[in-house]
file target.pdb (PDB, C-alpha atoms, pLDDT in the B column)
ATOM      1  CA  MET Z 457       4.016   4.640   2.248  1.00 62.00           C
ATOM      2  CA  HIS Z 458       6.749   2.212   3.158  1.00 85.00           C
ATOM      3  CA  ALA Z 459      10.273   2.428   1.811  1.00 89.00           C
ATOM      4  CA  PHE Z 460       9.914  -0.712  -0.325  1.00 90.00           C
ATOM      5  CA  GLU Z 461       6.761   0.577  -2.001  1.00 91.00           C
ATOM      6  CA  LEU Z 462       8.413   3.921  -2.716  1.00 92.00           C
ATOM      7  CA  LEU Z 463      11.474   2.155  -4.092  1.00 94.00           C
ATOM      8  CA  VAL Z 464       9.326   0.033  -6.429  1.00 93.00           C
ATOM      9  CA  LEU Z 465       7.355   3.068  -7.599  1.00 94.00           C
ATOM     10  CA  ALA Z 466      10.399   5.240  -8.262  1.00 95.00           C
ATOM     11  CA  GLY Z 467      12.496   2.410  -9.665  1.00 96.00           C
ATOM     12  CA  VAL Z 468       9.922   1.271 -12.209  1.00 96.00           C
ATOM     13  CA  PHE Z 469       9.113   4.862 -13.207  1.00 96.00           C
ATOM     14  CA  VAL Z 470      12.742   5.888 -13.731  1.00 96.00           C
ATOM     15  CA  SER Z 471      13.642   2.672 -15.548  1.00 97.00           C
ATOM     16  CA  LEU Z 472      10.734   3.106 -17.964  1.00 96.00           C
ATOM     17  CA  LEU Z 473      11.727   6.715 -18.623  1.00 96.00           C
ATOM     18  CA  VAL Z 474      15.305   5.618 -19.339  1.00 97.00           C
ATOM     19  CA  LEU Z 475      13.943   3.099 -21.850  1.00 96.00           C
ATOM     20  CA  GLY Z 476      12.156   5.931 -23.661  1.00 96.00           C
ATOM     21  CA  ILE Z 477       8.584   5.011 -22.810  1.00 95.00           C
ATOM     22  CA  PRO Z 478       6.158   7.986 -22.720  1.00 94.00           C
ATOM     23  CA  ILE Z 479       5.590   9.571 -19.309  1.00 94.00           C
ATOM     24  CA  SER Z 480       1.875   8.788 -19.202  1.00 90.00           C
ATOM     25  CA  VAL Z 481       2.479   5.086 -19.801  1.00 93.00           C
ATOM     26  CA  ALA Z 482       5.372   5.055 -17.317  1.00 94.00           C
ATOM     27  CA  ILE Z 483       3.165   6.586 -14.612  1.00 92.00           C
ATOM     28  CA  GLY Z 484       0.438   4.002 -15.236  1.00 88.00           C
ATOM     29  CA  VAL Z 485       2.770   1.012 -15.287  1.00 92.00           C
ATOM     30  CA  ALA Z 486       4.633   2.212 -12.193  1.00 94.00           C
ATOM     31  CA  THR Z 487       1.358   2.674 -10.335  1.00 88.00           C
ATOM     32  CA  LEU Z 488       0.042  -0.726 -11.366  1.00 86.00           C
ATOM     33  CA  SER Z 489       3.304  -2.458 -10.438  1.00 90.00           C
ATOM     34  CA  THR Z 490       3.318  -0.799  -7.011  1.00 90.00           C
ATOM     35  CA  MET Z 491      -0.296  -1.821  -6.446  1.00 84.00           C
ATOM     36  CA  LEU Z 492       0.504  -5.398  -7.460  1.00 85.00           C
ATOM     37  CA  VAL Z 493       3.340  -5.482  -4.921  1.00 88.00           C
ATOM     38  CA  THR Z 494       1.311  -4.011  -2.056  1.00 87.00           C
ATOM     39  CA  ILE Z 495      -2.166  -5.544  -2.440  1.00 83.00           C
ATOM     40  CA  GLN Z 496      -3.691  -8.641  -4.004  1.00 83.00           C
ATOM     41  CA  PRO Z 497      -3.409  -8.726  -7.837  1.00 78.00           C
ATOM     42  CA  LEU Z 498      -7.143  -9.060  -8.536  1.00 84.00           C
ATOM     43  CA  ALA Z 499      -7.984  -6.106  -6.306  1.00 82.00           C
ATOM     44  CA  ALA Z 500      -5.229  -4.006  -7.919  1.00 78.00           C
ATOM     45  CA  VAL Z 501      -6.405  -4.679 -11.471  1.00 81.00           C
ATOM     46  CA  THR Z 502     -10.041  -4.072 -10.510  1.00 87.00           C
ATOM     47  CA  THR Z 503      -9.168  -0.770  -8.852  1.00 84.00           C
ATOM     48  CA  VAL Z 504      -7.179   0.442 -11.873  1.00 80.00           C
ATOM     49  CA  ALA Z 505      -9.999  -0.536 -14.242  1.00 83.00           C
ATOM     50  CA  GLN Z 506     -12.573   1.313 -12.147  1.00 87.00           C
ATOM     51  CA  ARG Z 507     -10.414   4.460 -11.961  1.00 85.00           C
ATOM     52  CA  LEU Z 508      -9.829   4.416 -15.730  1.00 79.00           C
ATOM     53  CA  ALA Z 509     -13.540   4.044 -16.452  1.00 81.00           C
ATOM     54  CA  THR Z 510     -14.395   6.857 -14.048  1.00 82.00           C
ATOM     55  CA  GLY Z 511     -11.752   9.138 -15.545  1.00 74.00           C
ATOM     56  CA  VAL Z 512     -12.905   8.582 -19.115  1.00 72.00           C
ATOM     57  CA  ASP Z 513     -16.504   9.296 -18.143  1.00 73.00           C
ATOM     58  CA  SER Z 514     -15.757  12.996 -17.642  1.00 72.00           C
ATOM     59  CA  PHE Z 515     -17.792  15.454 -19.732  1.00 73.00           C
ATOM     60  CA  THR Z 516     -14.876  17.884 -19.993  1.00 73.00           C
ATOM     61  CA  LEU Z 517     -12.542  15.243 -21.382  1.00 72.00           C
ATOM     62  CA  LEU Z 518     -15.156  14.127 -23.892  1.00 75.00           C
ATOM     63  CA  ALA Z 519     -15.779  17.712 -25.047  1.00 79.00           C
ATOM     64  CA  ILE Z 520     -12.190  18.210 -26.242  1.00 80.00           C
ATOM     65  CA  PRO Z 521     -12.170  15.601 -29.055  1.00 80.00           C
ATOM     66  CA  PHE Z 522     -15.699  16.585 -30.094  1.00 82.00           C
ATOM     67  CA  PHE Z 523     -14.624  20.229 -30.342  1.00 85.00           C
ATOM     68  CA  ILE Z 524     -11.674  19.254 -32.533  1.00 86.00           C
ATOM     69  CA  LEU Z 525     -13.922  17.020 -34.641  1.00 86.00           C
ATOM     70  CA  ALA Z 526     -16.394  19.871 -35.136  1.00 88.00           C
ATOM     71  CA  GLY Z 527     -13.599  22.139 -36.373  1.00 77.00           C
TER      72      GLY Z 527
END

call {"tool": "encode", "arguments": {"input": "target.pdb", "output": "structure tokens"}}
result
Amino acid sequence: MHAFELLVLAGVFVSLLVLGIPISVAIGVATLSTMLVTIQPLAAVTTVAQRLATGVDSFTLLAIPFFILAG
């Protein structure tokens, strides 16, 4: 990772935390902004969308809300 990419990642993350944005959103926005700086925008957005869809498609993550709903 180059110094500029690391600076963008850390700078966006820290600035969003200072503004009071939740950590999960700050991590996502910092990652997306770093990807937009380093690779083409369409490829960055496509990659993030694919990772989000893959992460949501986990059986373990789906079992948690269903367990709470059943209670």

call {"tool": "residues_near_point", "arguments": {"input": "target.pdb", "point": "(3.4, 3.2, -12.8)", "cutoff": "10 Å", "atoms": "only C-alpha atoms", "output": "mmCIF file with C-alpha atoms, in the frame of the given file"}}
result
data_model
loop_
_atom_site.group_PDB
_atom_site.id
_atom_site.type_symbol
_atom_site.label_atom_id
_atom_site.label_comp_id
_atom_site.auth_asym_id
_atom_site.auth_seq_id
_atom_site.Cartn_x
_atom_site.Cartn_y
_atom_site.Cartn_z
ATOM 1 C CA VAL Z 464 9.326 0.033 -6.429
ATOM 2 C CA LEU Z 465 7.355 3.068 -7.599
ATOM 3 C CA ALA Z 466 10.399 5.240 -8.262
ATOM 4 C CA GLY Z 467 12.496 2.410 -9.665
ATOM 5 C CA VAL Z 468 9.922 1.271 -12.209
ATOM 6 C CA PHE Z 469 9.113 4.862 -13.207
ATOM 7 C CA VAL Z 470 12.742 5.888 -13.731
ATOM 8 C CA LEU Z 472 10.734 3.106 -17.964
ATOM 9 C CA ILE Z 479 5.590 9.571 -19.309
ATOM 10 C CA SER Z 480 1.875 8.788 -19.202
ATOM 11 C CA VAL Z 481 2.479 5.086 -19.801
ATOM 12 C CA ALA Z 482 5.372 5.055 -17.317
ATOM 13 C CA ILE Z 483 3.165 6.586 -14.612
ATOM 14 C CA GLY Z 484 0.438 4.002 -15.236
ATOM 15 C CA VAL Z 485 2.770 1.012 -15.287
ATOM 16 C CA ALA Z 486 4.633 2.212 -12.193
ATOM 17 C CA THR Z 487 1.358 2.674 -10.335
ATOM 18 C CA LEU Z 488 0.042 -0.726 -11.366
ATOM 19 C CA SER Z 489 3.304 -2.458 -10.438
ATOM 20 C CA THR Z 490 3.318 -0.799 -7.011
ATOM 21 C CA MET Z 491 -0.296 -1.821 -6.446
#

call {"tool": "atom_distance", "arguments": {"input": "target.pdb", "atom1": "CA of Leu462 (chain Z)", "atom2": "CA of Leu492 (chain Z)"}}
result
13.1 Å

call {"tool": "atom_distance", "arguments": {"input": "target.pdb", "atom1": "CA of Pro497 (chain Z)", "atom2": "CA of Gly511 (chain Z)"}}
result
21.2 Å

call {"tool": "axis_aligned_box", "arguments": {"input": "target.pdb", "around": "region 470-484 of chain Z", "padding_each_side": "4 Å", "output": "lines of an AutoDock Vina configuration file"}}
result
center_x = 7.9
center_y = 6.1
center_z = -18.7
size_x = 22.9
size_y = 14.9
size_z = 17.9

call {"tool": "atom_distance", "arguments": {"input": "target.pdb", "atom1": "CA of Leu473 (chain Z)", "atom2": "CA of His458 (chain Z)"}}
result
22.8 Å

call {"tool": "closest_residue", "arguments": {"input": "target.pdb", "among": "Z:Ile520, Z:Leu475, Z:Leu463, Z:Leu508", "to": "Val493 (chain Z)", "atoms": "all atoms listed in the file"}}
result
Z:Leu463

call {"tool": "residues_near_point", "arguments": {"input": "target.pdb", "point": "(-4.7, -0.1, -5.7)", "cutoff": "7 Å", "atoms": "only C-alpha atoms", "output": "ChimeraX atom specification"}}
result
/Z:491,495,499-500,503-504
